[in-house]
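Colleague: start-v4.cif is reproduced below (mmCIF, C-alpha atoms).
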data_protein
loop_
_atom_site.group_PDB
_atom_site.id
_atom_site.type_symbol
_atom_site.label_atom_id
_atom_site.label_comp_id
_atom_site.auth_asym_id
_atom_site.auth_seq_id
_atom_site.Cartn_x
_atom_site.Cartn_y
_atom_site.Cartn_z
ATOM 1 C CA MET A 16 0.000 0.000 0.000
ATOM 2 C CA ALA A 17 1.257 3.426 -0.936
ATOM 3 C CA SER A 18 0.270 5.028 2.370
ATOM 4 C CA GLU A 19 2.305 2.463 4.322
ATOM 5 C CA THR A 20 5.320 3.010 2.144
ATOM 6 C CA PHE A 21 5.133 6.746 2.743
ATOM 7 C CA ASN A 22 4.876 6.461 6.533
ATOM 8 C CA GLU A 23 7.709 4.046 7.293
ATOM 9 C CA ASP A 24 10.608 5.099 9.484
ATOM 10 C CA GLY A 25 13.907 5.603 7.725
ATOM 11 C CA ILE A 26 12.242 6.242 4.394
ATOM 12 C CA GLY A 27 14.144 7.503 1.409
ATOM 13 C CA LYS A 28 17.104 5.159 1.772
ATOM 14 C CA GLY A 29 18.786 3.862 -1.359
ATOM 15 C CA PHE A 30 19.596 7.118 -3.140
ATOM 16 C CA LEU A 31 23.155 8.421 -3.533
ATOM 17 C CA GLY A 32 24.637 9.320 -0.214
ATOM 18 C CA ARG A 33 28.309 9.161 -1.091
ATOM 19 C CA SER A 34 29.728 12.498 -0.157
ATOM 20 C CA ARG A 35 33.065 12.174 -1.981
ATOM 21 C CA LEU A 36 31.433 11.264 -5.283
ATOM 22 C CA LEU A 37 29.103 14.229 -4.943
ATOM 23 C CA THR A 38 31.951 16.622 -4.097
ATOM 24 C CA GLY A 39 33.867 15.372 -7.171
ATOM 25 C CA LEU A 40 30.825 15.910 -9.368
ATOM 26 C CA GLY A 41 30.399 19.391 -7.894
ATOM 27 C CA ALA A 42 34.028 20.233 -8.714
ATOM 28 C CA VAL A 43 33.634 19.005 -12.321
ATOM 29 C CA ALA A 44 30.370 20.973 -12.666
ATOM 30 C CA LEU A 45 32.016 24.130 -11.304
ATOM 31 C CA ILE A 46 35.042 23.822 -13.640
ATOM 32 C CA SER A 47 32.787 23.262 -16.657
ATOM 33 C CA PHE A 48 30.595 26.216 -15.626
ATOM 34 C CA VAL A 49 33.615 28.549 -15.367
ATOM 35 C CA ALA A 50 34.879 27.228 -18.743
ATOM 36 C CA ALA A 51 31.457 27.859 -20.320
ATOM 37 C CA LEU A 52 31.358 31.358 -18.830
ATOM 38 C CA GLY A 53 34.847 32.073 -20.189
ATOM 39 C CA ALA A 54 33.925 30.737 -23.628
ATOM 40 C CA ALA A 55 30.698 32.783 -23.713
ATOM 41 C CA LEU A 56 32.478 36.009 -22.728
ATOM 42 C CA PHE A 57 35.854 35.685 -24.483
ATOM 43 C CA TYR A 58 35.866 32.841 -27.037
ATOM 44 C CA ALA A 59 32.571 33.302 -28.894
ATOM 45 C CA PRO A 60 32.673 36.141 -31.432
ATOM 46 C CA THR A 61 30.525 39.247 -30.955
ATOM 47 C CA GLU A 62 27.372 39.081 -33.031
ATOM 48 C CA ARG A 63 27.072 41.886 -35.598
ATOM 49 C CA THR A 64 23.552 43.211 -35.027
ATOM 50 C CA MET A 65 22.899 42.532 -31.331
ATOM 51 C CA GLY A 66 26.432 42.929 -30.007
ATOM 52 C CA HIS A 67 27.233 41.652 -26.498
ATOM 53 C CA ALA A 68 23.565 41.092 -25.616
ATOM 54 C CA GLN A 69 23.577 38.072 -27.941
ATOM 55 C CA ARG A 70 25.891 36.345 -25.426
ATOM 56 C CA ILE A 71 22.870 35.966 -23.094
ATOM 57 C CA PHE A 72 21.811 33.210 -25.512
ATOM 58 C CA TYR A 73 24.669 30.912 -24.303
ATOM 59 C CA PHE A 74 23.131 30.665 -20.836
ATOM 60 C CA HIS A 75 19.480 31.294 -21.749
ATOM 61 C CA VAL A 76 19.177 28.235 -24.026
ATOM 62 C CA PRO A 77 20.853 25.813 -21.541
ATOM 63 C CA SER A 78 18.603 27.174 -18.749
ATOM 64 C CA ALA A 79 15.565 26.341 -20.889
ATOM 65 C CA TRP A 80 16.971 22.891 -21.728
ATOM 66 C CA ILE A 81 17.533 22.113 -18.048
ATOM 67 C CA ALA A 82 14.079 23.397 -17.077
ATOM 68 C CA PHE A 83 12.512 21.036 -19.646
ATOM 69 C CA LEU A 84 14.731 18.142 -18.543
ATOM 70 C CA ALA A 85 13.892 18.789 -14.884
ATOM 71 C CA PHE A 86 10.132 18.849 -15.538
ATOM 72 C CA PHE A 87 10.428 15.698 -17.667
ATOM 73 C CA VAL A 88 12.142 14.002 -14.685
ATOM 74 C CA VAL A 89 9.266 15.247 -12.468
ATOM 75 C CA CYS A 90 6.797 13.672 -14.904
ATOM 76 C CA ALA A 91 8.652 10.317 -15.032
ATOM 77 C CA ALA A 92 9.130 10.213 -11.242
ATOM 78 C CA SER A 93 5.473 11.171 -10.717
ATOM 79 C CA ILE A 94 4.332 8.260 -12.898
ATOM 80 C CA LEU A 95 6.461 5.974 -10.701
ATOM 81 C CA VAL A 96 4.952 7.545 -7.559
ATOM 82 C CA LEU A 97 1.433 6.659 -8.740
ATOM 83 C CA TRP A 98 2.509 3.238 -9.967
ATOM 84 C CA LYS A 99 4.858 2.037 -7.207
ATOM 85 C CA GLY A 100 3.871 4.345 -4.335
ATOM 86 C CA GLU A 101 7.458 4.629 -3.154
ATOM 87 C CA ARG A 102 8.784 7.661 -1.306
ATOM 88 C CA LYS A 103 12.087 7.701 -3.258
ATOM 89 C CA TRP A 104 10.257 8.673 -6.472
ATOM 90 C CA ASP A 105 8.420 11.434 -4.630
ATOM 91 C CA ILE A 106 11.772 12.733 -3.364
ATOM 92 C CA LEU A 107 13.142 12.715 -6.912
ATOM 93 C CA ALA A 108 10.018 14.488 -8.223
ATOM 94 C CA VAL A 109 10.043 17.320 -5.675
ATOM 95 C CA SER A 110 13.818 17.792 -5.991
ATOM 96 C CA SER A 111 13.641 18.041 -9.758
ATOM 97 C CA ALA A 112 10.552 20.290 -9.633
ATOM 98 C CA GLU A 113 12.379 22.788 -7.449
ATOM 99 C CA LEU A 114 15.306 22.854 -9.879
ATOM 100 C CA GLY A 115 12.946 23.115 -12.837
ATOM 101 C CA VAL A 116 11.320 26.188 -11.305
ATOM 102 C CA LEU A 117 14.758 27.677 -10.590
ATOM 103 C CA PHE A 118 15.958 27.241 -14.185
ATOM 104 C CA ALA A 119 12.607 28.290 -15.685
ATOM 105 C CA THR A 120 12.845 31.469 -13.583
ATOM 106 C CA LEU A 121 16.278 32.092 -15.090
ATOM 107 C CA VAL A 122 14.797 31.596 -18.578
ATOM 108 C CA LEU A 123 12.046 34.112 -17.808
ATOM 109 C CA ILE A 124 14.573 36.679 -16.514
ATOM 110 C CA THR A 125 17.327 36.287 -19.143
ATOM 111 C CA GLY A 126 14.844 36.132 -22.050
ATOM 112 C CA PRO A 127 13.422 39.646 -21.523
ATOM 113 C CA LEU A 128 16.954 41.012 -20.972
ATOM 114 C CA TRP A 129 17.857 39.698 -24.422
ATOM 115 C CA ALA A 130 14.499 40.755 -25.939
ATOM 116 C CA LYS A 131 14.876 44.381 -24.833
ATOM 117 C CA THR A 132 18.018 44.634 -26.987
ATOM 118 C CA ALA A 133 16.859 42.466 -29.897
ATOM 119 C CA TRP A 134 13.193 43.506 -30.135
ATOM 120 C CA GLY A 135 13.177 46.784 -28.201
ATOM 121 C CA ILE A 136 10.546 45.428 -25.764
ATOM 122 C CA TRP A 137 10.785 43.258 -22.658
ATOM 123 C CA TRP A 138 7.957 40.837 -23.405
ATOM 124 C CA VAL A 139 5.469 39.785 -26.078
ATOM 125 C CA TRP A 140 2.521 37.471 -25.533
ATOM 126 C CA ASP A 141 3.552 35.053 -28.287
ATOM 127 C CA ALA A 142 2.961 31.297 -28.074
ATOM 128 C CA ARG A 143 6.389 30.249 -26.808
ATOM 129 C CA LEU A 144 6.816 32.958 -24.192
ATOM 130 C CA THR A 145 3.269 32.564 -22.887
ATOM 131 C CA ALA A 146 3.514 28.762 -22.764
ATOM 132 C CA THR A 147 6.835 29.027 -20.882
ATOM 133 C CA LEU A 148 5.233 31.361 -18.343
ATOM 134 C CA VAL A 149 2.330 28.901 -17.985
ATOM 135 C CA LEU A 150 4.819 26.042 -17.414
ATOM 136 C CA TRP A 151 6.521 28.069 -14.690
ATOM 137 C CA LEU A 152 3.175 28.853 -13.043
ATOM 138 C CA ILE A 153 2.136 25.169 -13.130
ATOM 139 C CA TYR A 154 5.263 24.044 -11.287
ATOM 140 C CA VAL A 155 5.172 26.955 -8.825
ATOM 141 C CA GLY A 156 1.645 25.667 -8.160
ATOM 142 C CA TYR A 157 3.105 22.166 -7.764
ATOM 143 C CA LEU A 158 5.482 23.387 -5.032
ATOM 144 C CA MET A 159 2.687 25.372 -3.341
ATOM 145 C CA LEU A 160 0.430 22.304 -3.383
ATOM 146 C CA ARG A 161 3.149 20.289 -1.673
ATOM 147 C CA ALA A 162 3.528 22.978 0.977
ATOM 148 C CA TYR A 163 -0.206 22.986 1.797
ATOM 149 C CA VAL A 164 -0.994 19.239 1.932
ATOM 150 C CA GLU A 165 0.203 17.731 5.218
ATOM 151 C CA ASP A 166 -0.460 14.007 4.748
ATOM 152 C CA PRO A 167 2.648 12.606 2.941
ATOM 153 C CA ALA A 168 0.800 9.963 0.900
ATOM 154 C CA ARG A 169 -1.924 12.393 -0.216
ATOM 155 C CA ARG A 170 0.663 15.083 -0.970
ATOM 156 C CA ALA A 171 2.657 12.655 -3.107
ATOM 157 C CA ARG A 172 -0.406 11.480 -5.074
ATOM 158 C CA LEU A 173 -1.882 14.930 -5.699
ATOM 159 C CA SER A 174 1.413 16.504 -6.692
ATOM 160 C CA ALA A 175 2.215 13.508 -8.923
ATOM 161 C CA VAL A 176 -0.963 14.159 -10.915
ATOM 162 C CA LEU A 177 -0.036 17.828 -11.337
ATOM 163 C CA GLY A 178 3.567 16.873 -12.163
ATOM 164 C CA ILE A 179 2.382 14.630 -15.000
ATOM 165 C CA VAL A 180 -0.256 17.020 -16.373
ATOM 166 C CA GLY A 181 2.119 20.001 -16.236
ATOM 167 C CA ALA A 182 4.740 18.275 -18.393
ATOM 168 C CA ALA A 183 2.225 18.195 -21.280
ATOM 169 C CA ASP A 184 3.111 21.874 -21.786
ATOM 170 C CA ILE A 185 6.745 21.044 -22.722
ATOM 171 C CA PRO A 186 6.169 19.654 -26.266
ATOM 172 C CA PHE A 187 3.766 22.572 -26.810
ATOM 173 C CA ILE A 188 6.582 25.048 -25.999
ATOM 174 C CA VAL A 189 9.146 23.216 -28.140
ATOM 175 C CA LEU A 190 6.854 22.953 -31.178
ATOM 176 C CA SER A 191 5.151 26.343 -30.794
ATOM 177 C CA VAL A 192 7.705 28.073 -33.048
ATOM 178 C CA GLN A 193 6.830 25.613 -35.836
ATOM 179 C CA TRP A 194 3.063 25.636 -35.320
ATOM 180 C CA TRP A 195 2.648 29.419 -35.165
ATOM 181 C CA ARG A 196 4.463 32.475 -36.442
ATOM 182 C CA THR A 197 6.063 33.572 -33.192
ATOM 183 C CA GLN A 198 8.370 36.401 -32.259
ATOM 184 C CA HIS A 199 10.739 33.964 -30.539
ATOM 185 C CA PRO A 200 13.637 32.892 -32.822
ATOM 186 C CA THR A 201 14.188 29.274 -33.872
ATOM 187 C CA LEU A 202 17.593 27.783 -33.206
ATOM 188 C CA ILE A 203 19.304 26.773 -36.462
ATOM 189 C CA LEU A 204 22.589 24.916 -36.047
ATOM 190 C CA THR A 205 23.087 22.956 -39.233
ATOM 191 C CA GLU A 206 22.078 25.059 -42.198
ATOM 192 C CA ARG A 207 24.222 27.590 -43.996
ATOM 193 C CA GLY A 208 24.146 31.092 -42.595
ATOM 194 C CA SER A 209 23.483 29.823 -39.095
ATOM 195 C CA LEU A 210 25.740 30.233 -36.036
ATOM 196 C CA ALA A 211 29.521 30.463 -36.340
ATOM 197 C CA PRO A 212 31.408 27.281 -35.256
ATOM 198 C CA GLU A 213 32.760 29.061 -32.145
ATOM 199 C CA MET A 214 29.191 29.994 -31.171
ATOM 200 C CA ILE A 215 28.002 26.398 -31.553
ATOM 201 C CA GLN A 216 30.987 25.081 -29.553
ATOM 202 C CA THR A 217 30.278 27.591 -26.775
ATOM 203 C CA LEU A 218 26.614 26.645 -26.710
ATOM 204 C CA MET A 219 27.470 22.922 -26.526
ATOM 205 C CA LEU A 220 29.911 23.543 -23.675
ATOM 206 C CA ALA A 221 27.262 25.557 -21.829
ATOM 207 C CA LEU A 222 24.693 22.786 -22.384
ATOM 208 C CA LEU A 223 27.122 20.207 -20.953
ATOM 209 C CA SER A 224 27.986 22.479 -18.050
ATOM 210 C CA PHE A 225 24.356 23.192 -17.150
ATOM 211 C CA SER A 226 23.560 19.468 -17.366
ATOM 212 C CA LEU A 227 26.351 18.702 -14.879
ATOM 213 C CA VAL A 228 25.172 21.516 -12.593
ATOM 214 C CA TYR A 229 21.629 20.107 -12.745
ATOM 215 C CA VAL A 230 22.731 16.550 -11.864
ATOM 216 C CA TYR A 231 24.882 17.859 -9.000
ATOM 217 C CA LEU A 232 22.137 20.076 -7.570
ATOM 218 C CA LEU A 233 19.558 17.309 -7.983
ATOM 219 C CA LEU A 234 21.659 14.832 -6.003
ATOM 220 C CA ARG A 235 22.324 17.450 -3.321
ATOM 221 C CA ARG A 236 18.591 18.257 -3.113
ATOM 222 C CA VAL A 237 17.733 14.539 -2.871
ATOM 223 C CA ARG A 238 20.219 14.197 -0.016
ATOM 224 C CA VAL A 239 18.614 17.130 1.826
ATOM 225 C CA GLU A 240 15.157 15.572 1.453
ATOM 226 C CA ARG A 241 16.500 12.250 2.776
ATOM 227 C CA ALA A 242 18.012 14.049 5.764
ATOM 228 C CA LYS A 243 14.617 15.686 6.399
ATOM 229 C CA ASP A 244 12.915 12.274 6.283
ATOM 230 C CA THR A 245 15.428 10.769 8.693
ATOM 231 C CA LEU A 246 14.927 13.695 11.077
ATOM 232 C CA GLU A 247 11.148 13.276 10.981
ATOM 233 C CA ALA A 248 11.531 9.532 11.577
ATOM 234 C CA LEU A 249 13.735 10.262 14.608
ATOM 235 C CA LYS A 250 11.173 12.734 15.958
ATOM 236 C CA ARG A 251 8.401 10.158 15.582
ATOM 237 C CA ARG A 252 10.544 7.592 17.405
ATOM 238 C CA ARG A 253 11.219 10.089 20.213
ATOM 239 C CA ASP A 254 7.504 10.904 20.518
ATOM 240 C CA ARG A 255 6.606 7.204 20.685
ATOM 241 C CA GLY A 256 9.307 6.590 23.305
ATOM 242 C CA GLY A 257 8.231 9.594 25.388
ATOM 243 C CA ARG A 258 4.636 8.435 25.760
ATOM 244 C CA MET B 122 26.735 45.083 -22.373
ATOM 245 C CA ALA B 123 24.781 46.016 -19.211
ATOM 246 C CA PHE B 124 21.961 43.566 -20.044
ATOM 247 C CA MET B 125 24.462 40.789 -20.702
ATOM 248 C CA LEU B 126 26.203 41.392 -17.371
ATOM 249 C CA ALA B 127 22.830 41.551 -15.608
ATOM 250 C CA ALA B 128 21.778 38.207 -17.147
ATOM 251 C CA TYR B 129 25.023 36.461 -16.209
ATOM 252 C CA GLY B 130 24.951 38.047 -12.759
ATOM 253 C CA VAL B 131 21.407 36.828 -12.101
ATOM 254 C CA ILE B 132 22.308 33.269 -13.162
ATOM 255 C CA ILE B 133 25.459 33.109 -11.021
ATOM 256 C CA VAL B 134 23.776 34.623 -7.945
ATOM 257 C CA ALA B 135 20.744 32.324 -8.316
ATOM 258 C CA LEU B 136 22.854 29.169 -8.581
ATOM 259 C CA LEU B 137 25.161 30.139 -5.712
ATOM 260 C CA GLY B 138 22.144 31.130 -3.639
ATOM 261 C CA TYR B 139 20.509 27.762 -4.266
ATOM 262 C CA VAL B 140 23.708 25.884 -3.298
ATOM 263 C CA LEU B 141 23.868 27.961 -0.096
ATOM 264 C CA ARG B 142 20.205 27.188 0.646
ATOM 265 C CA LEU B 143 20.816 23.438 0.243
ATOM 266 C CA TRP B 144 23.898 23.616 2.454
ATOM 267 C CA LEU B 145 22.033 25.503 5.198
ATOM 268 C CA MET B 146 19.058 23.136 5.046
ATOM 269 C CA GLU B 147 21.269 20.055 5.256
ATOM 270 C CA ARG B 148 23.306 21.514 8.118
ATOM 271 C CA SER B 149 20.146 22.381 10.034
ATOM 272 C CA TYR B 150 18.697 18.860 9.621
ATOM 273 C CA ARG B 151 21.965 17.177 10.569
ATOM 274 C CA ARG B 152 22.328 19.333 13.710
ATOM 275 C CA GLN B 153 18.768 18.518 14.781
ATOM 276 C CA MET B 154 19.478 14.823 14.156
ATOM 277 C CA GLU B 155 22.631 14.983 16.269
ATOM 278 C CA THR B 156 20.686 16.702 19.072
ATOM 279 C CA LEU B 157 17.962 14.049 18.959
ATOM 280 C CA LEU B 158 20.439 11.174 18.864
ATOM 281 C CA GLY B 159 22.455 12.799 21.672
ATOM 282 C CA SER B 160 19.380 13.089 23.896
ATOM 283 C CA GLU B 161 18.464 9.465 23.180
ATOM 284 C CA SER B 162 21.844 7.896 23.977
ATOM 285 C CA PRO B 163 21.782 8.004 27.856
ATOM 286 C CA ARG B 164 18.453 6.160 27.981
#
Show me the file's structure as structure tokens.

Modeller:
Amino acid sequence: MASETFNEDGIGKGFLGRSRLLTGLGAVALISFVAALGAALFYAPTERTMGHAQRIFYFHVPSAWIAFLAFFVVCAASILVLWKGERKWDILAVSSAELGVLFATLVLITGPLWAKTAWGIWWVWDARLTATLVLWLIYVGYLMLRAYVEDPARRARLSAVLGIVGAADIPFIVLSVQWWRTQHPTLILTERGSLAPEMIQTLMLALLSFSLVYVYLLLRRVRVERAKDTLEALKRRRDRGGR
Amino acid sequence: MAFMLAAYGVIIVALLGYVLRLWLMERSYRRQMETLLGSESPR
């Protein structure tokens, strides 16, 4: 039964708890992030029409990629929550949701900063921008829902449903630039007249770096949630012993 | 140039802030655990 699984003492065991491995991953993520930052600022050439503002693109696109990846992980973990009823999938879902909201927030901040230079306005209500804002709102709602429901099993089930439904917005965002004539540019990497090789290399490095940062932060967040579970289990044990 | 620096600044501050938040949360939980385990041990 799902409710029993969610109320056991010592729940959440089985996920990565190896501190040294995590520290090593953090170091690799940090080095790659600094390398990506250096490449974006000094290696990639300055774009002719937009100038330095175009460099926002090197961190804006990876932020969007990680937000989508994070919400996809929420969706997959949420399916497993409903199917298996195990706390570890709920931990993965909430950890990834928090990161997804963080990176989606970065997308929604860096995008307008780029748009003000490229378009002369901060925001337009086109399909991609609006759908991205909706995605952000859905997962902010997901985190709020989790904060308001006290029963762990009920919280896991309800948020899992929202986590699955919310991810349906991702393909809509990705395909919106093909379905409608939107203001948001489409990324062209292969055709002639597209990005310079140095720009593509910088973008790839930034994508790799952001992916490593995401995995590192996800594992750290999972570890925090496990520590919280262990603490709650200890409190329950103390309360039982005190009676 | 100013918008680019603002964008990069926001990203760096947000990521560092999140790492700090995780570190503080974990430290708080571990300290509470140690206190609970410490109070249990004499019994």

Colleague: I'd like the contact shell of region 141-145 of chain B - 8 Å cut-off, only C-alpha atoms, skipping same-chain residues fewer than 2 positions apart - returned as a list in words.

Modeller: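 Contacts, in chain order: Arg235, Arg236 and Val239 of chain A; Leu137, Gly138, Tyr139, Glu147, Arg148 and Ser149 of chain B.
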
Colleague: Could you tell me how far CA of Ile81 (chain A) sits from CA of Gln193 (chain A), in Å to one decimal place?

Modeller: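 We find that CA of Gln193 (chain A) and CA of Ile81 (chain A) lie 21.1 Å from each other.
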
Colleague: List as a list in words the protein and nucleic acid residues near region 132-136 of chain B, meaning an atom at most 10 Å away when only C-alpha atoms are counted, but skip any in the same chain fewer than 4 places from it.

Modeller: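 Once the nearby chain positions are removed, what remains is Phe48, Leu52, Phe74, His75, Ser78, Leu114, Leu117, Phe118, Thr120, Leu121, Val122, Ile124, Thr125, Val228 and Leu232 of chain A; Leu126, Ala127, Ala128, Val140, Leu141 and Arg142 of chain B.
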
Colleague: Now that the selection is made, can you save its residues with C-alpha atoms as a PDB file, keeping the file's coordinate frame?

Modeller:
ATOM      1  CA  PHE A  48      30.595  26.216 -15.626  1.00  0.00           C
ATOM      2  CA  LEU A  52      31.358  31.358 -18.830  1.00  0.00           C
ATOM      3  CA  PHE A  74      23.131  30.665 -20.836  1.00  0.00           C
ATOM      4  CA  HIS A  75      19.480  31.294 -21.749  1.00  0.00           C
ATOM      5  CA  SER A  78      18.603  27.174 -18.749  1.00  0.00           C
ATOM      6  CA  LEU A 114      15.306  22.854  -9.879  1.00  0.00           C
ATOM      7  CA  LEU A 117      14.758  27.677 -10.590  1.00  0.00           C
ATOM      8  CA  PHE A 118      15.958  27.241 -14.185  1.00  0.00           C
ATOM      9  CA  THR A 120      12.845  31.469 -13.583  1.00  0.00           C
ATOM     10  CA  LEU A 121      16.278  32.092 -15.090  1.00  0.00           C
ATOM     11  CA  VAL A 122      14.797  31.596 -18.578  1.00  0.00           C
ATOM     12  CA  ILE A 124      14.573  36.679 -16.514  1.00  0.00           C
ATOM     13  CA  THR A 125      17.327  36.287 -19.143  1.00  0.00           C
ATOM     14  CA  VAL A 228      25.172  21.516 -12.593  1.00  0.00           C
ATOM     15  CA  LEU A 232      22.137  20.076  -7.570  1.00  0.00           C
TER      16      LEU A 232
ATOM     17  CA  LEU B 126      26.203  41.392 -17.371  1.00  0.00           C
ATOM     18  CA  ALA B 127      22.830  41.551 -15.608  1.00  0.00           C
ATOM     19  CA  ALA B 128      21.778  38.207 -17.147  1.00  0.00           C
ATOM     20  CA  VAL B 140      23.708  25.884  -3.298  1.00  0.00           C
ATOM     21  CA  LEU B 141      23.868  27.961  -0.096  1.00  0.00           C
ATOM     22  CA  ARG B 142      20.205  27.188   0.646  1.00  0.00           C
TER      23      ARG B 142
END

Colleague: Taking the file above as input, evaluate the PyMOL selection byres ((chain A and resi 219) around 12) and report the hits as a list in words.

Modeller: Ser47, Phe48, Ala50, Ala51, Ala54, Ala55, Ala59, Phe72, Tyr73, Phe74, Val76, Pro77, Trp80, Leu204, Pro212, Glu213, Met214, Ile215, Gln216, Thr217, Leu218, Leu220, Ala221, Leu222, Leu223, Ser224, Phe225 and Ser226 of chain A

Colleague: What does the distance between CA of Gln69 (chain A) and CA of Leu123 (chain A) come to in Å, to one decimal place?

Modeller: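 Straight-line distance from CA of Gln69 (chain A) to CA of Leu123 (chain A) works out to 15.9 Å.
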
Colleague: Please determine the contact residues of chain A with respect to chain B at a cut-off of 6 Å, counting only C-alpha atoms, and supply them as number ranges by chain.

Modeller: A: 67-68, 71, 125, 128, 239, 246

Colleague: For C-alpha atoms, I'd like the residues from the last selection saved as a compact mmCIF listing (two decimals), keeping the file's coordinate frame.

Modeller:
# COMPACT_ATOMS: atom_id res chain seq x y z
CA HIS A 67 27.23 41.65 -26.50
CA ALA A 68 23.56 41.09 -25.62
CA ILE A 71 22.87 35.97 -23.09
CA THR A 125 17.33 36.29 -19.14
CA LEU A 128 16.95 41.01 -20.97
CA VAL A 239 18.61 17.13 1.83
CA LEU A 246 14.93 13.70 11.08

Colleague: For Gly66 (chain A), list every protein, DNA or RNA residue within 10 Å, evaluated using only C-alpha atoms, and leave out those in the same chain fewer than 4 positions away; present the list as an MDAnalysis selection string.

Modeller: (chainID A and resid 60:62 70 132:133) or (chainID B and resid 122 125)

Colleague: Quote the spacing between CA of Gly126 (chain A) and CA of Ala79 (chain A) in Å to one decimal place.

Modeller: 9.9 Å

Colleague: Would you kindly translate the PyMOL selection byres ((chain A and resi 233) around 10) into the concrete residues it picks from this file, as a ChimeraX atom specification?

Modeller: /A:85,107-114,227-232,234-239

Colleague: Can you rebuild region 50-68 of chain A with N, CA and C atoms and give it as a short mmCIF file (atom, residue, chain, number, x, y, z; two decimals), keeping the file's coordinate frame?

Modeller:
data_model
loop_
_atom_site.label_atom_id
_atom_site.label_comp_id
_atom_site.auth_asym_id
_atom_site.auth_seq_id
_atom_site.Cartn_x
_atom_site.Cartn_y
_atom_site.Cartn_z
N ALA A 50 34.40 27.34 -17.36
CA ALA A 50 34.88 27.23 -18.74
C ALA A 50 33.82 27.75 -19.72
N ALA A 51 32.55 27.40 -19.45
CA ALA A 51 31.46 27.86 -20.32
C ALA A 51 31.30 29.38 -20.24
N LEU A 52 31.44 29.90 -19.03
CA LEU A 52 31.36 31.36 -18.83
C LEU A 52 32.48 32.07 -19.59
N GLY A 53 33.69 31.51 -19.48
CA GLY A 53 34.85 32.07 -20.19
C GLY A 53 34.65 32.03 -21.70
N ALA A 54 34.15 30.89 -22.18
CA ALA A 54 33.92 30.74 -23.63
C ALA A 54 32.85 31.72 -24.11
N ALA A 55 31.79 31.88 -23.32
CA ALA A 55 30.70 32.78 -23.71
C ALA A 55 31.16 34.24 -23.75
N LEU A 56 32.05 34.61 -22.81
CA LEU A 56 32.48 36.01 -22.73
C LEU A 56 33.67 36.33 -23.63
N PHE A 57 34.59 35.36 -23.80
CA PHE A 57 35.85 35.68 -24.48
C PHE A 57 36.12 34.88 -25.76
N TYR A 58 35.56 33.68 -25.87
CA TYR A 58 35.87 32.84 -27.04
C TYR A 58 34.87 33.07 -28.18
N ALA A 59 33.60 33.12 -27.85
CA ALA A 59 32.57 33.30 -28.89
C ALA A 59 32.66 34.71 -29.49
N PRO A 60 32.57 34.81 -30.82
CA PRO A 60 32.67 36.14 -31.43
C PRO A 60 31.44 37.01 -31.12
N THR A 61 31.64 38.31 -31.20
CA THR A 61 30.52 39.25 -30.96
C THR A 61 29.61 39.27 -32.18
N GLU A 62 28.34 39.10 -31.93
CA GLU A 62 27.37 39.08 -33.03
C GLU A 62 27.20 40.50 -33.60
N ARG A 63 27.03 40.58 -34.93
CA ARG A 63 27.07 41.89 -35.60
C ARG A 63 25.92 42.82 -35.22
N THR A 64 24.69 42.31 -35.24
CA THR A 64 23.55 43.21 -35.03
C THR A 64 23.22 43.44 -33.54
N MET A 65 23.30 42.39 -32.74
CA MET A 65 22.90 42.53 -31.33
C MET A 65 24.05 42.86 -30.40
N GLY A 66 25.26 42.64 -30.85
CA GLY A 66 26.43 42.93 -30.01
C GLY A 66 26.54 41.97 -28.83
N HIS A 67 26.97 42.50 -27.67
CA HIS A 67 27.23 41.65 -26.50
C HIS A 67 25.95 41.01 -25.94
N ALA A 68 24.82 41.64 -26.17
CA ALA A 68 23.56 41.09 -25.62
C ALA A 68 23.28 39.69 -26.16
#
